[in-house]
>>> print(open('work31.tsv').read())   # TSV, C-alpha atoms and all ligand atoms
chain	number	residue	atom	x	y	z
A	28	MET	CA	0.00	0.00	0.00
A	29	ILE	CA	2.91	2.29	0.68
A	30	ARG	CA	4.21	1.52	-2.83
A	31	VAL	CA	1.01	2.87	-4.34
A	32	ALA	CA	1.12	6.10	-2.37
A	33	ALA	CA	4.75	6.99	-3.00
A	34	PRO	CA	4.73	7.59	-6.80
A	35	ARG	CA	1.60	9.74	-6.48
A	36	THR	CA	3.29	12.34	-4.33
A	37	PRO	CA	5.31	14.23	-6.98
A	38	LEU	CA	2.30	14.32	-9.30
A	39	LEU	CA	0.04	15.56	-6.54
A	40	ALA	CA	2.58	18.17	-5.54
A	41	ALA	CA	2.85	19.37	-9.13
A	42	LEU	CA	-0.93	19.58	-9.41
A	43	LEU	CA	-1.26	21.53	-6.18
A	44	LEU	CA	1.46	23.88	-7.32
A	45	LEU	CA	-0.44	24.48	-10.54
A	46	LEU	CA	-3.63	25.24	-8.62
A	47	ALA	CA	-1.85	27.53	-6.19
A	48	ALA	CA	-0.05	29.38	-8.97
A	49	GLY	CA	-3.29	31.29	-9.46
A	50	GLY	CA	-4.70	32.72	-12.65
A	51	ALA	CA	-7.09	31.09	-15.03
A	52	SER	CA	-6.06	27.52	-15.66
A	53	ALA	CA	-8.29	25.39	-17.87
A	54	SER	CA	-9.53	23.49	-14.81
A	55	GLY	CA	-11.13	26.61	-13.27
A	56	PRO	CA	-10.18	29.19	-10.68
A	57	ALA	CA	-7.47	28.44	-8.16
A	58	PRO	CA	-8.84	27.53	-4.74
A	59	VAL	CA	-6.25	29.67	-2.98
A	60	ALA	CA	-3.50	32.09	-3.97
A	61	VAL	CA	-0.35	32.22	-1.88
A	62	ALA	CA	2.21	34.98	-1.33
A	63	VAL	CA	5.25	35.10	0.90
A	64	ARG	CA	6.29	38.31	2.66
A	65	ALA	CA	9.84	38.31	3.97
A	66	ARG	CA	13.01	40.37	4.18
A	67	ALA	CA	14.68	37.26	2.76
A	68	VAL	CA	13.84	33.57	2.61
A	69	ALA	CA	17.00	32.41	4.36
A	70	PRO	CA	18.04	30.66	7.59
A	71	GLY	CA	17.07	32.70	10.65
A	72	GLU	CA	14.48	34.78	8.78
A	73	PRO	CA	10.77	35.03	9.67
A	74	ILE	CA	8.32	34.81	6.79
A	75	ARG	CA	4.67	35.71	6.64
A	76	ILE	CA	2.63	33.38	4.45
A	77	VAL	CA	-0.46	35.11	3.07
A	78	VAL	CA	-3.28	33.00	1.65
A	79	ARG	CA	-6.15	34.49	-0.31
A	80	ALA	CA	-9.25	32.33	-0.77
A	81	ASP	CA	-12.10	33.17	-3.14
A	82	GLU	CA	-14.67	32.15	-0.55
A	83	PRO	CA	-14.73	32.18	3.26
A	84	LEU	CA	-12.72	29.43	4.92
A	85	ALA	CA	-13.69	27.47	8.02
A	86	GLU	CA	-10.12	26.31	8.63
A	87	LEU	CA	-6.65	26.48	7.16
A	88	SER	CA	-3.36	24.92	8.21
A	89	GLY	CA	0.04	24.52	6.64
A	90	ARG	CA	3.39	22.79	6.76
A	91	PHE	CA	6.78	24.27	5.91
A	92	LEU	CA	10.19	22.62	6.40
A	93	GLY	CA	8.68	19.94	8.61
A	94	ALA	CA	6.90	22.33	10.99
A	95	ALA	CA	3.19	23.10	11.30
A	96	VAL	CA	2.15	26.61	10.24
A	97	PHE	CA	-0.74	28.14	12.17
A	98	PHE	CA	-3.04	30.42	10.14
A	99	ALA	CA	-5.40	33.14	11.38
A	100	ARG	CA	-7.84	35.33	9.48
A	101	ASP	CA	-6.45	38.78	8.68
A	102	GLY	CA	-9.47	40.43	10.29
A	103	ALA	CA	-11.34	43.63	9.47
A	104	ALA	CA	-8.53	45.09	7.38
A	105	GLY	CA	-8.93	42.11	5.06
A	106	GLY	CA	-12.24	43.45	3.81
A	107	GLU	CA	-10.79	46.43	2.02
A	108	GLY	CA	-10.87	45.91	-1.72
A	109	ALA	CA	-11.89	42.31	-1.18
A	110	THR	CA	-14.39	40.62	-3.46
A	111	GLY	CA	-16.16	38.16	-1.22
A	112	GLY	CA	-13.13	36.05	-0.32
A	113	GLU	CA	-10.84	36.38	2.63
A	114	THR	CA	-7.18	36.46	3.55
A	115	TRP	CA	-5.35	34.39	6.17
A	116	SER	CA	-1.81	34.82	7.49
A	117	GLY	CA	0.64	32.39	9.05
A	118	TRP	CA	4.17	32.81	10.43
A	119	ALA	CA	7.10	30.52	9.76
A	120	ALA	CA	10.85	30.75	10.34
A	121	VAL	CA	13.62	29.14	8.34
A	122	PRO	CA	15.79	27.02	10.70
A	123	LEU	CA	19.34	28.27	11.24
A	124	ASP	CA	20.86	25.02	9.93
A	125	ARG	CA	18.66	24.79	6.82
A	126	LYS	CA	20.58	24.31	3.60
A	127	ALA	CA	19.92	26.46	0.54
A	128	GLY	CA	17.54	25.09	-2.10
A	129	ALA	CA	13.91	24.55	-3.06
A	130	ALA	CA	11.17	24.05	-0.47
A	131	THR	CA	7.38	23.93	-0.50
A	132	ILE	CA	4.71	25.47	1.70
A	133	ASP	CA	1.83	22.97	1.81
A	134	LEU	CA	-1.68	24.10	2.68
A	135	ALA	CA	-4.81	22.24	3.67
A	136	GLY	CA	-8.19	23.47	4.81
A	137	ARG	CA	-11.91	23.62	4.30
A	138	THR	CA	-14.25	26.30	3.02
A	139	ALA	CA	-17.21	27.43	5.12
A	140	ALA	CA	-19.38	25.48	2.66
A	141	GLY	CA	-17.41	22.31	3.42
A	142	ALA	CA	-15.27	21.99	0.28
A	143	GLU	CA	-11.68	20.83	0.65
A	144	VAL	CA	-8.97	23.42	0.06
A	145	VAL	CA	-5.46	22.45	-0.97
A	146	GLY	CA	-2.50	24.48	-2.10
A	147	ALA	CA	1.24	24.50	-2.37
A	148	HIS	CA	3.71	27.30	-2.89
A	149	ALA	CA	7.31	26.86	-3.94
A	150	VAL	CA	10.05	28.97	-2.37
A	151	THR	CA	13.82	29.02	-2.75
A	152	ILE	CA	15.87	29.20	0.41
A	153	GLU	CA	18.97	31.36	0.13
A	154	LYS	CA	22.32	30.34	1.54
A	155	ARG	CA	23.39	31.90	4.82
A	156	VAL	CA	26.40	31.00	6.90
A	157	PHE	CA	26.71	32.09	10.50
A	158	PRO	CA	30.09	32.89	12.04
A	159	GLU	CA	31.57	31.42	15.20
A	160	GLU	CA	31.73	33.46	18.38
A	161	ARG	CA	33.85	32.64	21.44
A	162	LEU	CA	32.77	34.29	24.68
A	163	LYS	CA	33.98	34.39	28.26
A	164	VAL	CA	31.39	34.38	31.04
A	165	GLU	CA	31.25	33.56	34.75
A	166	PRO	CA	31.99	29.81	35.15
A	167	LYS	CA	28.50	29.15	36.59
A	168	TYR	CA	27.00	30.09	33.21
A	169	ALA	CA	29.41	28.04	31.07
A	170	GLU	CA	28.98	24.97	33.29
A	171	PRO	CA	25.95	25.40	35.55
A	172	PRO	CA	26.42	23.76	38.96
A	173	LYS	CA	24.29	20.71	39.84
A	174	GLU	CA	21.96	22.65	42.15
A	175	VAL	CA	20.64	24.82	39.30
A	176	GLN	CA	20.08	21.97	36.80
A	177	ALA	CA	16.49	21.44	37.95
A	178	ARG	CA	15.77	25.16	37.61
A	179	ILE	CA	17.25	25.27	34.10
A	180	GLU	CA	15.15	22.28	33.06
A	181	ARG	CA	11.99	23.78	34.58
A	182	GLU	CA	12.59	27.05	32.72
A	183	ARG	CA	13.30	25.19	29.47
A	184	GLN	CA	9.92	23.47	29.76
A	185	GLU	CA	8.14	26.71	30.67
A	186	LEU	CA	9.58	28.44	27.61
A	187	GLY	CA	8.68	25.47	25.40
A	188	ALA	CA	5.06	25.65	26.59
A	189	ILE	CA	4.92	29.40	25.88
A	190	TYR	CA	6.34	29.05	22.37
A	191	ALA	CA	3.81	26.29	21.62
A	192	ARG	CA	0.91	28.77	22.06
A	193	ARG	CA	-0.99	29.94	18.97
A	194	ARG	CA	-3.28	32.93	19.37
A	195	ALA	CA	-5.70	33.38	16.49
A	196	VAL	CA	-5.42	37.14	16.00
A	197	PRO	CA	-4.75	39.14	12.82
A	198	PRO	CA	-1.05	39.92	12.24
A	199	PRO	CA	0.25	43.32	13.43
A	200	GLY	CA	-0.65	46.05	10.94
A	201	ALA	CA	2.68	47.92	10.90
A	202	ALA	CA	6.42	47.31	11.03
A	203	PHE	CA	7.95	46.83	14.48
A	204	VAL	CA	10.19	49.37	16.22
A	205	LYS	CA	13.62	48.86	17.79
A	206	PRO	CA	13.33	48.15	21.54
A	207	VAL	CA	16.39	50.34	22.29
A	208	PRO	CA	18.15	52.89	20.02
A	209	GLY	CA	21.56	51.14	20.13
A	210	GLY	CA	23.11	49.21	17.25
A	211	ALA	CA	23.97	45.52	17.17
A	212	THR	CA	27.01	44.30	19.10
A	213	GLY	CA	26.44	40.53	19.04
A	214	ILE	CA	25.89	38.42	15.94
A	215	PHE	CA	22.52	36.78	15.37
A	216	GLY	CA	22.78	33.04	14.70
A	217	ALA	CA	26.45	32.84	15.70
A	218	ARG	CA	27.64	29.37	16.64
A	219	ARG	CA	28.77	29.98	20.19
A	220	ALA	CA	31.28	28.67	22.65
A	221	PHE	CA	31.20	29.87	26.25
A	222	ASN	CA	34.59	29.55	27.99
A	223	GLY	CA	35.58	27.14	25.23
A	224	LYS	CA	32.44	24.95	25.55
A	225	PRO	CA	30.23	24.77	22.42
A	226	ARG	CA	26.65	25.84	23.17
A	227	SER	CA	23.46	26.47	21.16
A	228	PRO	CA	23.57	29.24	18.52
A	229	HIS	CA	22.84	32.85	19.44
A	230	SER	CA	19.05	33.01	19.22
A	231	GLY	CA	18.75	36.79	19.05
A	232	VAL	CA	20.65	39.98	18.43
A	233	ASP	CA	22.54	41.93	21.08
A	234	LEU	CA	21.83	45.66	21.03
A	235	LYS	CA	24.07	48.23	22.65
A	236	ALA	CA	22.38	49.54	25.81
A	237	ALA	CA	23.94	50.87	29.01
A	238	THR	CA	22.29	49.59	32.19
A	239	GLY	CA	19.13	51.61	32.81
A	240	THR	CA	18.25	52.25	29.15
A	241	PRO	CA	14.45	52.14	28.67
A	242	VAL	CA	13.38	49.02	26.72
A	243	VAL	CA	10.13	49.21	24.75
A	244	ALA	CA	7.86	46.63	23.12
A	245	ALA	CA	8.90	46.17	19.49
A	246	GLY	CA	5.32	45.47	18.43
A	247	PRO	CA	1.80	45.04	19.79
A	248	GLY	CA	1.24	41.92	21.86
A	249	LEU	CA	0.58	40.22	25.16
A	250	VAL	CA	3.12	39.84	27.95
A	251	VAL	CA	3.37	36.05	28.41
A	252	LEU	CA	6.46	35.99	30.66
A	253	ALA	CA	7.95	38.61	32.99
A	254	LYS	CA	10.42	37.03	35.40
A	255	ASP	CA	13.99	36.11	36.28
A	256	LEU	CA	15.41	33.17	34.28
A	257	TYR	CA	18.80	31.52	34.86
A	258	TYR	CA	20.40	32.22	31.48
A	259	SER	CA	18.53	35.29	30.25
A	260	GLY	CA	18.18	37.05	33.62
A	261	LEU	CA	15.20	39.39	34.02
A	262	THR	CA	13.21	38.55	30.91
A	263	VAL	CA	10.04	39.70	29.16
A	264	ILE	CA	8.41	37.69	26.36
A	265	LEU	CA	5.68	39.15	24.14
A	266	ASP	CA	3.19	37.02	22.21
A	267	HIS	CA	2.35	38.82	18.93
A	268	GLY	CA	-0.21	36.23	17.86
A	269	GLY	CA	-0.09	33.37	15.40
A	270	GLY	CA	2.83	31.77	17.25
A	271	MET	CA	5.24	34.71	16.78
A	272	PHE	CA	7.10	35.94	19.88
A	273	THR	CA	9.80	38.48	20.81
A	274	LEU	CA	12.02	38.29	23.89
A	275	TYR	CA	13.86	40.99	25.88
A	276	ALA	CA	16.62	39.66	28.15
A	277	HIS	CA	19.21	40.66	30.77
A	278	LEU	CA	17.01	43.54	32.04
A	279	SER	CA	17.79	45.33	35.29
A	280	ARG	CA	14.12	46.07	35.95
A	281	ILE	CA	10.77	44.77	34.64
A	282	ASP	CA	7.84	47.21	34.52
A	283	VAL	CA	5.11	44.97	33.06
A	284	LYS	CA	3.05	42.12	34.45
A	285	ASP	CA	2.31	38.74	32.92
A	286	GLY	CA	-0.93	38.97	30.92
A	287	ALA	CA	-0.73	42.70	30.14
A	288	ALA	CA	-1.57	43.89	26.62
A	289	VAL	CA	1.02	46.28	25.17
A	290	GLU	CA	1.28	48.45	22.07
A	291	ALA	CA	4.45	48.97	20.02
A	292	GLY	CA	6.70	51.40	21.92
A	293	ALA	CA	5.21	50.65	25.36
A	294	PRO	CA	7.82	50.56	28.16
A	295	LEU	CA	8.75	47.03	29.32
A	296	GLY	CA	11.56	47.86	31.75
A	297	LEU	CA	15.21	48.87	31.84
A	298	SER	CA	18.18	47.16	30.21
A	299	GLY	CA	20.91	45.60	32.32
A	300	ALA	CA	23.37	42.73	32.70
A	301	THR	CA	21.44	39.98	34.52
A	302	GLY	CA	21.94	36.29	33.63
A	303	ARG	CA	24.62	34.93	31.27
A	304	VAL	CA	26.27	38.08	29.89
A	305	THR	CA	29.69	39.51	29.17
A	306	GLY	CA	28.44	43.02	29.98
A	307	PRO	CA	25.32	45.25	29.86
A	308	HIS	CA	23.26	45.06	26.64
A	309	LEU	CA	19.79	44.15	25.46
A	310	HIS	CA	19.39	40.66	24.02
A	311	TRP	CA	16.44	40.88	21.61
A	312	GLY	CA	15.15	37.52	20.46
A	313	GLY	CA	12.49	36.29	18.10
A	314	LYS	CA	10.76	32.92	18.02
A	315	ILE	CA	8.23	31.20	15.78
A	316	GLY	CA	7.36	27.83	17.23
A	317	SER	CA	10.70	26.37	18.29
A	318	GLU	CA	12.70	28.27	15.66
A	319	PRO	CA	14.65	31.42	16.55
A	320	PHE	CA	14.68	34.23	14.02
A	321	ASP	CA	16.48	37.56	13.65
A	322	PRO	CA	13.97	40.05	15.15
A	323	ARG	CA	15.42	42.90	13.08
A	324	ALA	CA	13.50	41.43	10.15
A	325	LEU	CA	10.33	42.69	11.86
A	326	LEU	CA	11.52	46.28	11.29
A	327	ASP	CA	10.97	45.69	7.56
A	328	PRO	CA	7.49	46.88	6.51
A	329	THR	CA	7.48	44.23	3.75
A	330	LEU	CA	6.38	41.66	6.31
A	331	PHE	CA	3.28	43.66	7.23
A	332	ALA	CA	2.42	45.22	3.86
A	333	ASN	CA	-1.08	45.10	2.44
A	334	ARG	CA	-2.67	43.20	5.26
A	335	GLY	CA	-5.70	41.47	3.86
A	336	GLN	CA	-4.61	41.68	0.25
A	337	LEU	CA	-2.30	39.94	-2.17
A	338	PRO	CA	-0.09	41.94	-4.53
A	401	ZN	ZN	22.29	37.77	23.09
>>> encode(input="work31.tsv", output="structure tokens", more="lines below")
Ligand SMILES: [Zn+2]
Amino acid sequence: MIRVAAPRTPLLAALLLLLAAGGASASGPAPVAVAVRARAVAPGEPIRIVVRADEPLAELSGRFLGAAVFFARDGAAGGEGATGGETWSGWAAVPLDRKAGAATIDLAGRTAAGAEVVGAHAVTIEKRVFPEERLKVEPKYAEPPKEVQARIERERQELGAIYARRRAVPPPGAAFVKPVPGGATGIFGARRAFNGKPRSPHSGVDLKAATGTPVVAAGPGLVVLAKDLYYSGLTVILDHGGGMFTLYAHLSRIDVKDGAAVEAGAPLGLSGATGRVTGPHLHWGGKIGSEPFDPRALLDPTLFANRGQLP
């Protein structure tokens, strides 16, 4: 039975691609049209997948590079210029270790009337190589003592549960803002060694900020964590909906409470040097599902352009 299924896959994929390519094919109108909004389709980049359906959808889901993509309706702004259909958006991030080459966004769903919706969209992933970075920190951060292992594991699970959340809200309607004015000092995606010990890649960007610099929300969202963590020190995480999060670490003071709704530019606290640091700075992280992304991509209006519409 497996033998029967396998040869069908390329044909099916080709057919779906044809349908999703849009325009007037001989077989009728495309069920969905797909567009990708991104600064670049490359490792460590967030991408917004926009799906336009000719009729209202009851549900829509996707897969990209082995991960599920959560879709939410674009909301009221989607009505402008629309002709009876609707637009949905989903966030995805290209894993840091992903090789360059072709990839496919696969879509599945159902219209409000009960008809099946399928689609596929081809993308090409650009090559990106991250440098190595060797850092010196307090020994307790390079090799955490036994007594903090349970805490580290508890925090790892807490963060995993947060990043697994998917709020069905329309995507933010405007580009994000920088959380502090300072430029980058640390390299996003760098393969890191602390005191000579290889550790996970740098999952954010380090921005220059003297202790006490006001840190603001980069975009509208919900505070889903505001507490002291072993590695990232005083930390705030914002949930921007659709499984997209930003993180603000090593703060010296937190001025927001878990559960608070914030707008772009709202004060979150003050920068500092808490947790695993080499000195004061703001670590600004981005996460979609379990994949880190370079949050500076969110400053690019391309990702938020024409909410509710395709080009
Ligand atoms: Zn950092």
>>> residues_near_ligand(input="work31.tsv", ligand="ligand ZN 401 (chain A)", cutoff="6 Å", atoms="all atoms listed in the file", output="PyMOL selection string")
chain A and resi 231-233+310
>>> axis_aligned_box(input="work31.tsv", around="range 306-316 of chain A", padding_each_side="6 Å", output="JSON")
{"center_x": 17.9, "center_y": 36.5, "center_z": 22.9, "size_x": 33.1, "size_y": 29.4, "size_z": 26.2}
>>> atom_distance(input="work31.tsv", atom1="CA of Val61 in chain A", atom2="CA of Ala127 in chain A")
21.2 Å
>>> residues_around(input="work31.tsv", residues="Leu325 in chain A", least_positions_apart="5", cutoff="8 Å", atoms="all atoms listed in the file", output="PyMOL selection string")
chain A and resi 73+202-204+330
>>> closest_residue(input="work31.tsv", among="A:Arg183, A:Lys205, A:Lys224, A:Arg219", to="Ala169 in chain A", atoms="only C-alpha atoms")
A:Lys224
>>> residues_around(input="work31.tsv", residues="range 242-257 of chain A", least_positions_apart="6", cutoff="6 Å", atoms="all atoms listed in the file", output="ChimeraX atom specification")
/A:203-207,263-267,285-297,302
>>> closest_residue(input="work31.tsv", among="A:His229, A:Arg178, A:Arg193, A:Arg218", to="Phe320 in chain A", atoms="all atoms listed in the file")
A:His229
>>> atom_distance(input="work31.tsv", atom1="CA of Ala60 in chain A", atom2="CA of Leu84 in chain A")
13.1 Å
>>> build_atoms(input="work31.tsv", residues="range 243-267 of chain A", atoms="N, CA and C atoms", output="compact mmCIF listing (two decimals), keeping the file's coordinate frame")
# COMPACT_ATOMS: atom_id res chain seq x y z
N VAL A 243 11.55 49.14 25.13
CA VAL A 243 10.13 49.21 24.75
C VAL A 243 9.72 47.99 23.93
N ALA A 244 8.41 47.73 23.92
CA ALA A 244 7.86 46.63 23.12
C ALA A 244 8.08 46.94 21.64
N ALA A 245 8.62 45.96 20.91
CA ALA A 245 8.90 46.17 19.49
C ALA A 245 7.62 46.18 18.66
N GLY A 246 6.59 45.52 19.16
CA GLY A 246 5.32 45.47 18.43
C GLY A 246 4.18 45.20 19.41
N PRO A 247 2.95 45.28 18.91
CA PRO A 247 1.80 45.04 19.79
C PRO A 247 1.72 43.56 20.18
N GLY A 248 1.34 43.31 21.44
CA GLY A 248 1.24 41.92 21.86
C GLY A 248 0.82 41.78 23.30
N LEU A 249 0.91 40.55 23.78
CA LEU A 249 0.58 40.22 25.16
C LEU A 249 1.84 39.80 25.89
N VAL A 250 2.01 40.30 27.12
CA VAL A 250 3.12 39.84 27.95
C VAL A 250 2.79 38.41 28.41
N VAL A 251 3.64 37.45 28.02
CA VAL A 251 3.37 36.05 28.41
C VAL A 251 4.43 35.52 29.37
N LEU A 252 5.47 36.34 29.62
CA LEU A 252 6.46 35.99 30.66
C LEU A 252 7.13 37.28 31.11
N ALA A 253 7.27 37.44 32.43
CA ALA A 253 7.95 38.61 32.99
C ALA A 253 8.58 38.15 34.29
N LYS A 254 9.81 37.59 34.20
CA LYS A 254 10.42 37.03 35.40
C LYS A 254 11.92 36.81 35.21
N ASP A 255 12.55 36.37 36.29
CA ASP A 255 13.99 36.11 36.28
C ASP A 255 14.25 34.67 35.83
N LEU A 256 15.03 34.50 34.76
CA LEU A 256 15.41 33.17 34.28
C LEU A 256 16.93 33.01 34.43
N TYR A 257 17.38 31.76 34.58
CA TYR A 257 18.80 31.52 34.86
C TYR A 257 19.71 32.13 33.80
N TYR A 258 19.49 31.77 32.54
CA TYR A 258 20.40 32.22 31.48
C TYR A 258 20.11 33.65 31.01
N SER A 259 18.84 33.99 30.86
CA SER A 259 18.53 35.29 30.25
C SER A 259 18.24 36.37 31.29
N GLY A 260 18.38 36.05 32.58
CA GLY A 260 18.18 37.05 33.62
C GLY A 260 16.75 37.56 33.63
N LEU A 261 16.56 38.83 34.02
CA LEU A 261 15.20 39.39 34.02
C LEU A 261 14.73 39.48 32.58
N THR A 262 13.63 38.78 32.29
CA THR A 262 13.21 38.55 30.91
C THR A 262 11.74 38.86 30.71
N VAL A 263 11.43 39.49 29.56
CA VAL A 263 10.04 39.70 29.16
C VAL A 263 9.85 39.03 27.80
N ILE A 264 8.77 38.27 27.67
CA ILE A 264 8.41 37.69 26.36
C ILE A 264 7.05 38.23 25.95
N LEU A 265 6.96 38.67 24.69
CA LEU A 265 5.68 39.15 24.14
C LEU A 265 5.17 38.15 23.10
N ASP A 266 3.87 37.88 23.17
CA ASP A 266 3.19 37.02 22.21
C ASP A 266 2.47 37.95 21.21
N HIS A 267 2.93 37.93 19.95
CA HIS A 267 2.35 38.82 18.93
C HIS A 267 1.24 38.15 18.14
